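Heads up, target-v1.txt below (compact mmCIF, C-alpha atoms and all ligand atoms):
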# COMPACT_ATOMS: atom_id res chain seq x y z
CA ALA A 23 -7.35 -21.93 -5.14
CA GLN A 24 -5.35 -19.93 -7.69
CA GLU A 25 -5.97 -22.68 -10.26
CA ARG A 26 -9.68 -21.89 -10.13
CA TYR A 27 -8.89 -18.50 -11.56
CA SER A 28 -6.21 -19.54 -14.02
CA SER A 29 -8.45 -18.86 -17.01
CA ILE A 30 -8.60 -15.16 -16.11
CA ARG A 31 -5.02 -14.88 -14.85
CA GLU A 32 -3.62 -13.09 -17.89
CA GLN A 33 -6.68 -10.91 -18.36
CA PRO A 34 -6.80 -7.33 -17.09
CA ALA A 35 -9.48 -6.62 -14.46
CA LYS A 36 -11.72 -4.76 -16.88
CA ALA A 37 -15.18 -4.00 -15.56
CA LEU A 38 -18.28 -4.00 -17.78
CA CYS A 39 -18.17 -0.19 -17.94
CA GLY A 40 -14.70 -0.41 -19.51
CA SER A 41 -12.66 0.79 -16.53
CA VAL A 42 -9.55 -1.23 -15.81
CA VAL A 43 -8.34 -1.77 -12.26
CA GLY A 44 -4.67 -2.66 -11.73
CA LEU A 45 -4.36 -5.57 -9.31
CA HIS A 46 -1.04 -5.81 -7.50
CA MET A 47 0.17 -8.03 -4.72
CA ASN A 48 1.60 -7.48 -1.27
CA ALA A 49 4.82 -9.29 -0.41
CA GLY A 50 7.68 -9.22 2.06
CA LEU A 51 9.76 -12.35 1.66
CA MET A 52 11.61 -13.93 -1.24
CA ALA A 53 9.19 -16.85 -0.93
CA ASP A 54 6.32 -14.56 -1.94
CA LEU A 55 7.81 -13.70 -5.32
CA PRO A 56 6.75 -16.82 -7.26
CA SER A 57 3.16 -15.70 -6.62
CA LEU A 58 3.78 -12.79 -8.95
CA GLY A 59 3.44 -15.14 -11.91
CA SER A 60 0.89 -17.57 -10.51
CA SER A 61 -1.52 -14.88 -9.29
CA GLY A 62 -1.38 -12.70 -12.38
CA ALA A 63 -0.45 -9.65 -10.27
CA GLU A 64 0.77 -6.65 -12.25
CA GLY A 65 3.47 -5.95 -9.74
CA VAL A 66 4.17 -5.71 -6.04
CA GLY A 67 2.19 -2.77 -4.70
CA LEU A 68 3.58 -3.16 -1.21
CA PHE A 69 6.83 -4.87 -0.30
CA ARG A 70 6.99 -4.92 3.49
CA THR A 71 10.75 -4.72 4.02
CA GLU A 72 10.48 -5.11 7.79
CA LEU A 73 9.70 -8.82 7.42
CA GLN A 74 13.33 -9.40 6.48
CA PHE A 75 14.38 -7.60 9.64
CA LEU A 76 11.86 -9.42 11.80
CA ILE A 77 13.01 -12.94 10.87
CA ARG A 78 16.64 -12.30 11.89
CA ASN A 79 18.26 -12.10 15.25
CA GLN A 80 20.53 -9.24 14.35
CA MET A 81 20.40 -6.15 12.17
CA PRO A 82 21.08 -7.15 8.55
CA ARG A 83 24.06 -5.51 6.85
CA ARG A 84 23.78 -3.22 3.88
CA GLY A 85 25.48 -5.68 1.52
CA GLU A 86 23.05 -8.43 2.49
CA LEU A 87 20.08 -6.17 2.00
CA SER A 88 21.20 -4.91 -1.33
CA ALA A 89 21.77 -8.49 -2.56
CA LEU A 90 18.33 -9.41 -1.32
CA TYR A 91 16.58 -6.44 -2.96
CA SER A 92 18.41 -7.17 -6.15
CA ARG A 93 17.10 -10.75 -6.08
CA VAL A 94 13.59 -9.44 -5.48
CA MET A 95 13.90 -7.21 -8.56
CA ASP A 96 15.35 -10.11 -10.58
CA ALA A 97 12.42 -12.29 -9.58
CA ALA A 98 9.95 -9.53 -10.47
CA GLN A 99 11.32 -9.57 -14.04
CA GLY A 100 10.69 -5.91 -14.71
CA LYS A 101 7.36 -5.68 -12.91
CA ARG A 102 7.13 -2.74 -10.53
CA VAL A 103 7.98 -3.41 -6.88
CA ALA A 104 7.08 -0.69 -4.36
CA PHE A 105 9.58 -1.12 -1.54
CA ARG A 106 8.25 0.26 1.68
CA THR A 107 11.04 1.34 4.02
CA LEU A 108 11.19 -0.16 7.46
CA ASP A 109 7.88 -0.07 9.30
CA ILE A 110 8.70 -1.08 12.84
CA GLY A 111 7.28 -0.17 16.20
CA SER A 112 3.65 -0.64 17.11
CA ASP A 113 2.79 -4.29 16.36
CA LYS A 114 6.22 -4.99 14.77
CA VAL A 115 9.06 -5.17 17.27
CA LEU A 116 12.58 -6.14 16.19
CA PRO A 117 13.99 -8.81 18.51
CA TYR A 118 17.39 -7.04 18.58
CA MET A 119 16.10 -3.56 19.27
CA LYS A 120 15.38 -2.45 22.79
CA PRO A 121 11.61 -2.52 23.12
CA ASN A 122 10.09 0.83 23.83
CA ASP A 123 8.06 1.02 26.89
CA GLU A 124 5.26 3.04 25.41
CA PRO A 125 1.72 3.09 26.69
CA ASN A 126 0.28 3.39 23.16
CA PRO A 127 2.72 1.84 20.68
CA ALA A 128 0.35 2.25 17.73
CA LEU A 129 0.42 5.98 18.38
CA GLY A 130 4.05 5.96 19.34
CA TRP A 131 7.54 5.94 17.97
CA ARG A 132 7.17 3.86 14.87
CA ALA A 133 7.79 3.61 11.12
CA ILE A 134 9.08 6.82 9.50
CA ARG A 135 9.24 8.50 12.92
CA VAL A 136 12.00 6.05 13.87
CA GLY A 137 13.52 6.40 10.40
CA LEU A 138 13.86 10.16 10.74
CA ASP A 139 14.91 10.32 14.40
CA LYS A 140 17.55 7.62 13.99
CA PRO A 141 18.39 7.96 10.31
CA GLY A 142 21.24 5.45 10.25
CA VAL A 143 19.00 2.53 9.39
CA LEU A 144 16.92 4.49 6.86
CA ARG A 145 20.11 5.67 5.14
CA MET A 146 21.49 2.17 5.01
CA GLN A 147 18.25 0.85 3.63
CA VAL A 148 17.83 3.41 0.87
CA GLN A 149 21.45 2.97 -0.08
CA ALA A 150 20.89 -0.79 -0.34
CA LEU A 151 17.83 -0.17 -2.52
CA ILE A 152 19.68 2.22 -4.81
CA ARG A 153 22.55 -0.23 -5.23
CA ALA A 154 20.16 -3.08 -5.88
CA ALA A 155 18.33 -1.13 -8.57
CA ALA A 156 21.51 -0.30 -10.58
CA GLY A 157 20.17 0.57 -14.01
CA ARG A 158 16.64 -0.56 -13.21
CA PRO A 159 13.61 1.48 -12.09
CA LEU A 160 13.32 1.97 -8.34
CA THR A 161 10.12 2.59 -6.36
CA VAL A 162 10.36 3.50 -2.69
CA MET A 163 7.61 4.49 -0.29
CA PHE A 164 7.70 5.72 3.27
CA PRO A 165 5.32 4.29 5.85
CA PHE A 166 3.11 6.19 8.23
CA VAL A 167 3.74 9.69 6.96
CA ALA A 168 1.46 11.93 9.02
CA GLN A 169 2.57 15.33 7.72
CA MET A 170 4.22 16.76 4.65
CA GLU A 171 7.48 17.67 6.39
CA GLU A 172 8.09 14.03 7.25
CA PHE A 173 7.83 13.12 3.61
CA ARG A 174 10.15 15.97 2.65
CA ALA A 175 12.73 14.94 5.23
CA ALA A 176 12.60 11.28 4.18
CA ARG A 177 12.83 12.20 0.52
CA CYS A 178 15.80 14.40 1.32
CA GLU A 179 17.57 11.39 2.86
CA PHE A 180 16.84 9.48 -0.30
CA GLU A 181 18.17 12.26 -2.56
CA LYS A 182 21.33 12.56 -0.48
CA ALA A 183 21.88 8.81 -0.76
CA LEU A 184 21.43 9.03 -4.52
CA GLU A 185 23.98 11.82 -4.70
CA ARG A 186 26.47 9.86 -2.59
CA GLU A 187 26.14 6.80 -4.78
CA LYS A 188 26.68 8.93 -7.85
CA VAL A 189 29.85 10.45 -6.40
CA LEU A 190 31.09 6.97 -5.57
CA GLY A 191 30.56 6.03 -9.19
CA HIS A 192 27.89 3.40 -8.60
CA PRO A 193 25.31 2.91 -11.33
CA MET A 194 22.13 4.92 -10.76
CA PRO A 195 18.61 3.51 -10.91
CA GLU A 196 17.08 3.98 -14.34
CA THR A 197 14.19 5.98 -12.83
CA VAL A 198 13.08 6.73 -9.30
CA GLU A 199 9.63 7.11 -7.84
CA VAL A 200 9.28 8.18 -4.23
CA GLY A 201 5.90 7.96 -2.55
CA ALA A 202 4.19 8.00 0.80
CA MET A 203 1.71 5.78 2.53
CA LEU A 204 -1.40 7.57 3.70
CA GLU A 205 -2.21 5.85 6.97
CA THR A 206 -3.34 8.72 9.15
CA PRO A 207 -6.29 10.99 8.35
CA SER A 208 -4.01 14.04 8.75
CA LEU A 209 -2.20 13.32 5.49
CA GLY A 210 -5.49 13.44 3.62
CA PHE A 211 -5.66 17.10 4.62
CA ALA A 212 -2.05 17.94 3.76
CA PRO A 213 -1.38 21.11 1.74
CA ASP A 214 -1.93 20.96 -2.01
CA VAL A 215 1.80 21.13 -2.72
CA PHE A 216 2.22 17.79 -0.98
CA TYR A 217 0.16 16.14 -3.69
CA ASP A 218 2.50 17.64 -6.28
CA GLU A 219 5.64 16.61 -4.44
CA VAL A 220 4.86 12.93 -3.93
CA ASP A 221 5.35 10.71 -6.94
CA PHE A 222 2.48 8.53 -5.73
CA LEU A 223 0.37 7.78 -2.69
CA SER A 224 -0.71 4.44 -1.32
CA ILE A 225 -3.44 4.16 1.27
CA GLY A 226 -2.55 1.82 4.11
CA GLY A 227 -6.12 0.93 4.87
CA ASN A 228 -5.40 -1.17 7.96
CA ASP A 229 -3.81 1.68 9.83
CA LEU A 230 -5.94 4.39 8.27
CA LYS A 231 -9.11 2.68 9.42
CA GLN A 232 -7.71 2.19 12.90
CA PHE A 233 -7.00 5.89 13.23
CA PHE A 234 -10.08 7.09 11.42
CA PHE A 235 -12.40 5.26 13.82
CA ALA A 236 -10.02 5.27 16.81
CA ALA A 237 -10.38 1.47 16.94
CA ASP A 238 -7.30 -0.66 17.58
CA ARG A 239 -6.72 -3.03 14.64
CA GLU A 240 -5.32 -5.61 17.06
CA ASN A 241 -8.17 -5.49 19.53
CA GLU A 242 -10.75 -8.18 18.77
CA ARG A 243 -13.39 -6.36 20.72
CA VAL A 244 -13.36 -3.30 18.51
CA ARG A 245 -11.60 -4.11 15.29
CA ARG A 246 -14.69 -5.24 13.41
CA ARG A 247 -16.97 -2.69 14.94
CA TYR A 248 -16.64 -0.13 12.14
CA ASP A 249 -17.27 -1.23 8.62
CA THR A 250 -14.80 -0.27 5.90
CA LEU A 251 -17.87 0.49 3.81
CA ASN A 252 -19.00 3.02 6.39
CA VAL A 253 -20.18 6.15 4.65
CA SER A 254 -17.88 8.49 6.58
CA PHE A 255 -14.83 6.45 5.73
CA LEU A 256 -15.77 6.26 2.05
CA ARG A 257 -16.35 9.98 2.01
CA PHE A 258 -12.84 10.54 3.35
CA LEU A 259 -11.41 8.20 0.70
CA ARG A 260 -13.37 10.02 -1.97
CA GLN A 261 -11.78 13.31 -0.95
CA VAL A 262 -8.32 11.78 -1.22
CA ILE A 263 -9.18 10.37 -4.65
CA ASP A 264 -10.42 13.79 -5.79
CA ARG A 265 -7.27 15.51 -4.58
CA CYS A 266 -5.07 12.95 -6.29
CA GLU A 267 -7.01 13.29 -9.51
CA ALA A 268 -6.73 17.08 -9.36
CA HIS A 269 -2.95 16.82 -8.99
CA ASN A 270 -2.40 13.81 -11.25
CA THR A 271 -0.96 11.91 -8.31
CA PRO A 272 -1.10 8.13 -8.83
CA LEU A 273 -3.03 6.54 -5.98
CA SER A 274 -3.42 2.98 -4.83
CA PHE A 275 -4.98 1.18 -1.90
CA CYS A 276 -3.12 -1.54 -0.05
CA GLY A 277 -4.25 -3.11 3.17
CA GLU A 278 -6.41 -6.15 3.76
CA ASP A 279 -9.64 -4.62 2.52
CA ALA A 280 -8.26 -4.42 -1.02
CA GLY A 281 -8.34 -8.23 -1.07
CA ARG A 282 -11.96 -8.62 0.01
CA PRO A 283 -14.09 -8.78 -3.15
CA VAL A 284 -17.00 -6.57 -2.05
CA GLU A 285 -14.68 -4.00 -0.50
CA ALA A 286 -12.40 -4.09 -3.53
CA LEU A 287 -15.36 -3.59 -5.84
CA CYS A 288 -16.51 -0.56 -3.86
CA LEU A 289 -12.99 0.89 -3.80
CA ALA A 290 -12.80 0.48 -7.57
CA ALA A 291 -16.24 2.04 -7.98
CA MET A 292 -15.15 4.97 -5.83
CA GLY A 293 -12.27 5.61 -8.22
CA PHE A 294 -9.25 3.58 -7.13
CA ARG A 295 -7.48 2.29 -10.22
CA ALA A 296 -4.83 0.28 -8.36
CA LEU A 297 -5.33 -2.15 -5.50
CA SER A 298 -2.68 -4.22 -3.76
CA MET A 299 -3.58 -7.37 -1.87
CA ARG A 300 -2.40 -10.80 -0.84
CA PRO A 301 -1.79 -12.90 -3.96
CA ALA A 302 -4.60 -15.39 -3.27
CA SER A 303 -7.14 -12.55 -3.38
CA ILE A 304 -6.33 -11.43 -6.91
CA GLY A 305 -8.38 -14.17 -8.59
CA PRO A 306 -11.58 -13.64 -6.57
CA VAL A 307 -11.34 -9.84 -6.80
CA LYS A 308 -10.79 -9.93 -10.55
CA HIS A 309 -13.61 -12.44 -10.99
CA LEU A 310 -16.04 -9.99 -9.38
CA ILE A 311 -14.78 -6.85 -11.13
CA LEU A 312 -15.08 -8.54 -14.52
CA ARG A 313 -18.80 -9.04 -13.89
CA CYS A 314 -19.67 -5.58 -12.64
CA ASN A 315 -20.35 -2.15 -13.97
CA LEU A 316 -18.45 0.23 -11.71
CA ASP A 317 -20.66 3.18 -12.68
CA GLU A 318 -23.69 1.28 -11.44
CA VAL A 319 -21.93 0.29 -8.23
CA ARG A 320 -20.98 3.89 -7.69
CA THR A 321 -24.59 4.98 -8.08
CA VAL A 322 -25.64 2.34 -5.55
CA ILE A 323 -23.02 3.69 -3.14
CA GLU A 324 -24.08 7.30 -3.66
CA GLU A 325 -27.75 6.48 -3.19
CA ALA A 326 -27.07 4.58 0.04
CA ALA A 327 -25.01 7.50 1.30
CA ALA A 328 -27.73 9.99 0.35
CA ARG A 329 -30.31 7.89 2.23
CA GLY A 330 -28.16 8.11 5.31
CA ASP A 331 -27.21 4.43 5.53
CA GLN A 332 -24.42 3.92 8.03
CA SER A 333 -22.65 1.53 5.67
CA VAL A 334 -23.19 0.95 1.96
CA ARG A 335 -22.58 -2.78 2.33
CA ALA A 336 -26.21 -3.92 2.43
CA ALA A 337 -27.06 -1.89 -0.67
CA VAL A 338 -24.06 -3.18 -2.61
CA VAL A 339 -24.70 -6.79 -1.58
CA ALA A 340 -28.34 -6.42 -2.66
CA TYR A 341 -27.18 -5.02 -6.01
CA LEU A 342 -24.82 -7.97 -6.43
CA ALA A 343 -27.64 -10.42 -5.69
CA ASP A 344 -29.70 -8.66 -8.37
CA VAL A 345 -26.99 -9.05 -10.98
CA GLY A 346 -26.73 -12.72 -10.03
CA TRP A 347 -23.43 -12.81 -8.17
C1 LIG B 1 -1.77 -0.81 6.25
O1 LIG B 1 -1.62 -0.23 7.32
O2 LIG B 1 -2.86 -0.90 5.66
C2 LIG B 1 -0.63 -1.44 5.57
C3 LIG B 1 -0.72 -1.85 4.33
O3 LIG B 1 0.50 -1.63 6.26
P1 LIG B 1 0.64 -2.66 7.47
O4 LIG B 1 -0.55 -3.57 7.46
O5 LIG B 1 1.92 -3.37 7.21
O6 LIG B 1 0.68 -1.74 8.64
MG MG B 2 0.33 0.28 8.09
Mind turning the file's structure into structure tokens?
Ligand code: PEP
Ligand code: MG
Amino acid sequence: AQERYSSIREQPAKALCGSVVGLHMNAGLMADLPSLGSSGAEGVGLFRTELQFLIRNQMPRRGELSALYSRVMDAAQGKRVAFRTLDIGSDKVLPYMKPNDEPNPALGWRAIRVGLDKPGVLRMQVQALIRAAAGRPLTVMFPFVAQMEEFRAARCEFEKALEREKVLGHPMPETVEVGAMLETPSLGFAPDVFYDEVDFLSIGGNDLKQFFFAADRENERVRRRYDTLNVSFLRFLRQVIDRCEAHNTPLSFCGEDAGRPVEALCLAAMGFRALSMRPASIGPVKHLILRCNLDEVRTVIEEAAARGDQSVRAAVVAYLADVGW
């Protein structure tokens, strides 16, 4: 399928209005890296490090991890890779970790909550990342941050690891960027200083939507019940975009919706300038963005919202039919 889009592979996703949307890919295994070239992705917007933990039957060692992350950076050939620290719990259970008997794992002890309560693994992982970067830029993001203090505590672990590596005489990363994933509505309402403290934010749309609508992403009966293009959800996203713009905080959207062309188009029209998706989606998303005027799409979205439509989808699809998509 990627061959179909090979003629636009090297082109930026520049809409008719002139706005350019950065298209990045999601990855998690070494085997994903060749897609960086074949898809035309600008970088890896989300590297799900837990996949490496999930395919083993015992906890990987620091040396192994650092060799692996170094190979990922080699394969990326200078393109940015946003390494997300371990996101386990909820739907991702490590075979060698005692399962938690929790009634609501999605709302339970997961992701950065585990990382902060049992910091051994987080420390090992950030140390492996720092060693792997050695002289190269390093981008790290923490999953499922629900309040500013969690980000501060995780960042503090990262800074301490940097300091330790320095004392040990290991080469430092050339630059560091430390960000958070916004996956719970609460973080959208964090204090202003949070937006200054994070180097970037990435919206984890899969989880965010689940918590915004209180609809389990794993439950077939409810997971499609609420449209991503629901006006309330878009309004929330718009507020996050506005806050990021006011604080010059780089913002991206990862999560499956970024790879669905109509959703991606609407996200771009709302103001997202970076989307991260599975590699096979980059061609179709770019193909659509190249043919659209984001200002017009934004007007269509605003008019549908003003009319009181529940979702802007019908209006956007009608607009696309008009422009001959
Ligand atoms: C998300 O929640 O949207 C996300 C990108 O992370 P994951 O799907 O791995 O939870
Ligand atoms: Mg998530």
Set the distance at 12 Å and use all atoms listed in the file: which residues neighbour Ala53 in chain A once local chain neighbours fewer than 3 positions away are removed? I'd like the list as a PyMOL selection string.
chain A and resi 49-50+56-58+73-74+90+93-94+97
Report task. Give the residues close to ligand LIG 1 (chain B), within 8 Å, counting all atoms listed in the file; write them as a list in words. Result -> Leu68, Arg70, Asp109, Pro165, Glu205, Ile225, Gly226, Gly227, Asn228, Asp229, Leu230, Cys276, Gly277 and Glu278 of chain A
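Among the candidate residues A:Pro82, A:Gly305, A:Pro193, A:Gly111, the one lying nearest to ligand MG 2 (chain B) is A:Gly111, with distances computed using all atoms listed in the file.
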*Taking (-5.4, -12.1, -16.1) in the file's coordinates, which residues come within 12 Å, counting all atoms listed in the file, written as a ChimeraX atom specification?*
/A:24,27-36,42-46,58-64,304-309,311-312
Dump as a short mmCIF file (atom, residue, chain, number, x, y, z; two decimals), keeping the file's coordinate frame, selection limited to C-alpha atoms:
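New file part-v6.cif:
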data_model
loop_
_atom_site.label_atom_id
_atom_site.label_comp_id
_atom_site.auth_asym_id
_atom_site.auth_seq_id
_atom_site.Cartn_x
_atom_site.Cartn_y
_atom_site.Cartn_z
CA GLN A 24 -5.35 -19.93 -7.69
CA TYR A 27 -8.89 -18.50 -11.56
CA SER A 28 -6.21 -19.54 -14.02
CA SER A 29 -8.45 -18.86 -17.01
CA ILE A 30 -8.60 -15.16 -16.11
CA ARG A 31 -5.02 -14.88 -14.85
CA GLU A 32 -3.62 -13.09 -17.89
CA GLN A 33 -6.68 -10.91 -18.36
CA PRO A 34 -6.80 -7.33 -17.09
CA ALA A 35 -9.48 -6.62 -14.46
CA LYS A 36 -11.72 -4.76 -16.88
CA VAL A 42 -9.55 -1.23 -15.81
CA VAL A 43 -8.34 -1.77 -12.26
CA GLY A 44 -4.67 -2.66 -11.73
CA LEU A 45 -4.36 -5.57 -9.31
CA HIS A 46 -1.04 -5.81 -7.50
CA LEU A 58 3.78 -12.79 -8.95
CA GLY A 59 3.44 -15.14 -11.91
CA SER A 60 0.89 -17.57 -10.51
CA SER A 61 -1.52 -14.88 -9.29
CA GLY A 62 -1.38 -12.70 -12.38
CA ALA A 63 -0.45 -9.65 -10.27
CA GLU A 64 0.77 -6.65 -12.25
CA ILE A 304 -6.33 -11.43 -6.91
CA GLY A 305 -8.38 -14.17 -8.59
CA PRO A 306 -11.58 -13.64 -6.57
CA VAL A 307 -11.34 -9.84 -6.80
CA LYS A 308 -10.79 -9.93 -10.55
CA HIS A 309 -13.61 -12.44 -10.99
CA ILE A 311 -14.78 -6.85 -11.13
CA LEU A 312 -15.08 -8.54 -14.52
#
Please tabulate, as a tab-separated table, the residues of range 55-126 of chain A that come within 12 Å of range 148-159 of chain A, each with its closest pair of atoms and the distance in Å to one decimal, counting only C-alpha atoms and ordering rows by chain, then residue number upward.
residue	atom	partner	partner_atom	distance
A:Thr71	CA	A:Leu151	CA	10.7
A:Pro82	CA	A:Ala150	CA	10.9
A:Arg83	CA	A:Ala150	CA	9.2
A:Arg84	CA	A:Ala150	CA	5.7
A:Gly85	CA	A:Ala150	CA	7.0
A:Glu86	CA	A:Ala150	CA	8.4
A:Leu87	CA	A:Ala150	CA	5.9
A:Ser88	CA	A:Ala150	CA	4.2
A:Ala89	CA	A:Ala154	CA	6.5
A:Leu90	CA	A:Ala154	CA	8.0
A:Tyr91	CA	A:Ala154	CA	5.7
A:Ser92	CA	A:Ala154	CA	4.5
A:Arg93	CA	A:Ala154	CA	8.3
A:Val94	CA	A:Ala154	CA	9.2
A:Met95	CA	A:Ala155	CA	7.5
A:Asp96	CA	A:Ala155	CA	9.7
A:Ala98	CA	A:Arg158	CA	11.5
A:Gln99	CA	A:Arg158	CA	10.5
A:Gly100	CA	A:Arg158	CA	8.1
A:Lys101	CA	A:Pro159	CA	9.5
A:Arg102	CA	A:Pro159	CA	7.9
A:Val103	CA	A:Pro159	CA	9.1
A:Ala104	CA	A:Pro159	CA	10.3
A:Phe105	CA	A:Leu151	CA	8.4
A:Arg106	CA	A:Val148	CA	10.1
A:Thr107	CA	A:Val148	CA	7.8
A:Leu108	CA	A:Val148	CA	10.0
Could those residues be written to a file, using C-alpha atoms, as an mmCIF file, keeping the file's coordinate frame?
data_model
loop_
_atom_site.group_PDB
_atom_site.id
_atom_site.type_symbol
_atom_site.label_atom_id
_atom_site.label_comp_id
_atom_site.auth_asym_id
_atom_site.auth_seq_id
_atom_site.Cartn_x
_atom_site.Cartn_y
_atom_site.Cartn_z
ATOM 1 C CA THR A 71 10.750 -4.720 4.020
ATOM 2 C CA PRO A 82 21.080 -7.150 8.550
ATOM 3 C CA ARG A 83 24.060 -5.510 6.850
ATOM 4 C CA ARG A 84 23.780 -3.220 3.880
ATOM 5 C CA GLY A 85 25.480 -5.680 1.520
ATOM 6 C CA GLU A 86 23.050 -8.430 2.490
ATOM 7 C CA LEU A 87 20.080 -6.170 2.000
ATOM 8 C CA SER A 88 21.200 -4.910 -1.330
ATOM 9 C CA ALA A 89 21.770 -8.490 -2.560
ATOM 10 C CA LEU A 90 18.330 -9.410 -1.320
ATOM 11 C CA TYR A 91 16.580 -6.440 -2.960
ATOM 12 C CA SER A 92 18.410 -7.170 -6.150
ATOM 13 C CA ARG A 93 17.100 -10.750 -6.080
ATOM 14 C CA VAL A 94 13.590 -9.440 -5.480
ATOM 15 C CA MET A 95 13.900 -7.210 -8.560
ATOM 16 C CA ASP A 96 15.350 -10.110 -10.580
ATOM 17 C CA ALA A 98 9.950 -9.530 -10.470
ATOM 18 C CA GLN A 99 11.320 -9.570 -14.040
ATOM 19 C CA GLY A 100 10.690 -5.910 -14.710
ATOM 20 C CA LYS A 101 7.360 -5.680 -12.910
ATOM 21 C CA ARG A 102 7.130 -2.740 -10.530
ATOM 22 C CA VAL A 103 7.980 -3.410 -6.880
ATOM 23 C CA ALA A 104 7.080 -0.690 -4.360
ATOM 24 C CA PHE A 105 9.580 -1.120 -1.540
ATOM 25 C CA ARG A 106 8.250 0.260 1.680
ATOM 26 C CA THR A 107 11.040 1.340 4.020
ATOM 27 C CA LEU A 108 11.190 -0.160 7.460
#
Shortest contact to Leu76 in chain A, candidates A:Gly142, A:Pro117, A:Pro127, A:Pro207, atoms counted only C-alpha atoms, goes to A:Pro117
Distance query 12 Å from (-15.7, -3.0, 16.3) using only C-alpha atoms, result as a PDB file with C-alpha atoms, in the frame of the given file:
ATOM      1  CA  LYS A 231      -9.110   2.680   9.420  1.00  0.00           C
ATOM      2  CA  GLN A 232      -7.710   2.190  12.900  1.00  0.00           C
ATOM      3  CA  PHE A 235     -12.400   5.260  13.820  1.00  0.00           C
ATOM      4  CA  ALA A 236     -10.020   5.270  16.810  1.00  0.00           C
ATOM      5  CA  ALA A 237     -10.380   1.470  16.940  1.00  0.00           C
ATOM      6  CA  ASP A 238      -7.300  -0.660  17.580  1.00  0.00           C
ATOM      7  CA  ARG A 239      -6.720  -3.030  14.640  1.00  0.00           C
ATOM      8  CA  GLU A 240      -5.320  -5.610  17.060  1.00  0.00           C
ATOM      9  CA  ASN A 241      -8.170  -5.490  19.530  1.00  0.00           C
ATOM     10  CA  GLU A 242     -10.750  -8.180  18.770  1.00  0.00           C
ATOM     11  CA  ARG A 243     -13.390  -6.360  20.720  1.00  0.00           C
ATOM     12  CA  VAL A 244     -13.360  -3.300  18.510  1.00  0.00           C
ATOM     13  CA  ARG A 245     -11.600  -4.110  15.290  1.00  0.00           C
ATOM     14  CA  ARG A 246     -14.690  -5.240  13.410  1.00  0.00           C
ATOM     15  CA  ARG A 247     -16.970  -2.690  14.940  1.00  0.00           C
ATOM     16  CA  TYR A 248     -16.640  -0.130  12.140  1.00  0.00           C
ATOM     17  CA  ASP A 249     -17.270  -1.230   8.620  1.00  0.00           C
ATOM     18  CA  THR A 250     -14.800  -0.270   5.900  1.00  0.00           C
TER      19      THR A 250
END
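Each of A:Asp218, A:Val189, A:Phe166, A:Ser254 was compared to ligand MG 2 (chain B) using all atoms listed in the file, and A:Phe166 turns out to be the nearest.
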TODO: Write out as number ranges by chain the residues lying within 6 Å of range 328-338 of chain A, counting all atoms listed in the file and excluding same-chain residues fewer than 4 positions away.
DONE: A: 251-253, 323
If you count all atoms listed in the file, the residue of A:Ser224, A:Thr271, A:Ser208, A:Asn126 closest to ligand MG 2 (chain B) turns out to be A:Ser224
Expressed in Å, the length from CA of Arg145 in chain A to CA of Phe216 in chain A is 22.5 Å
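The residue that comes closest to Gly210 in chain A, out of A:Met194, A:Cys178, A:Met170, A:Met299 and on the basis of only C-alpha atoms, is A:Met170.
Proximity of A:Phe275, A:His192, A:Gln147, A:Cys39 to ligand MG 2 (chain B), computed with all atoms listed in the file, is greatest for A:Phe275.
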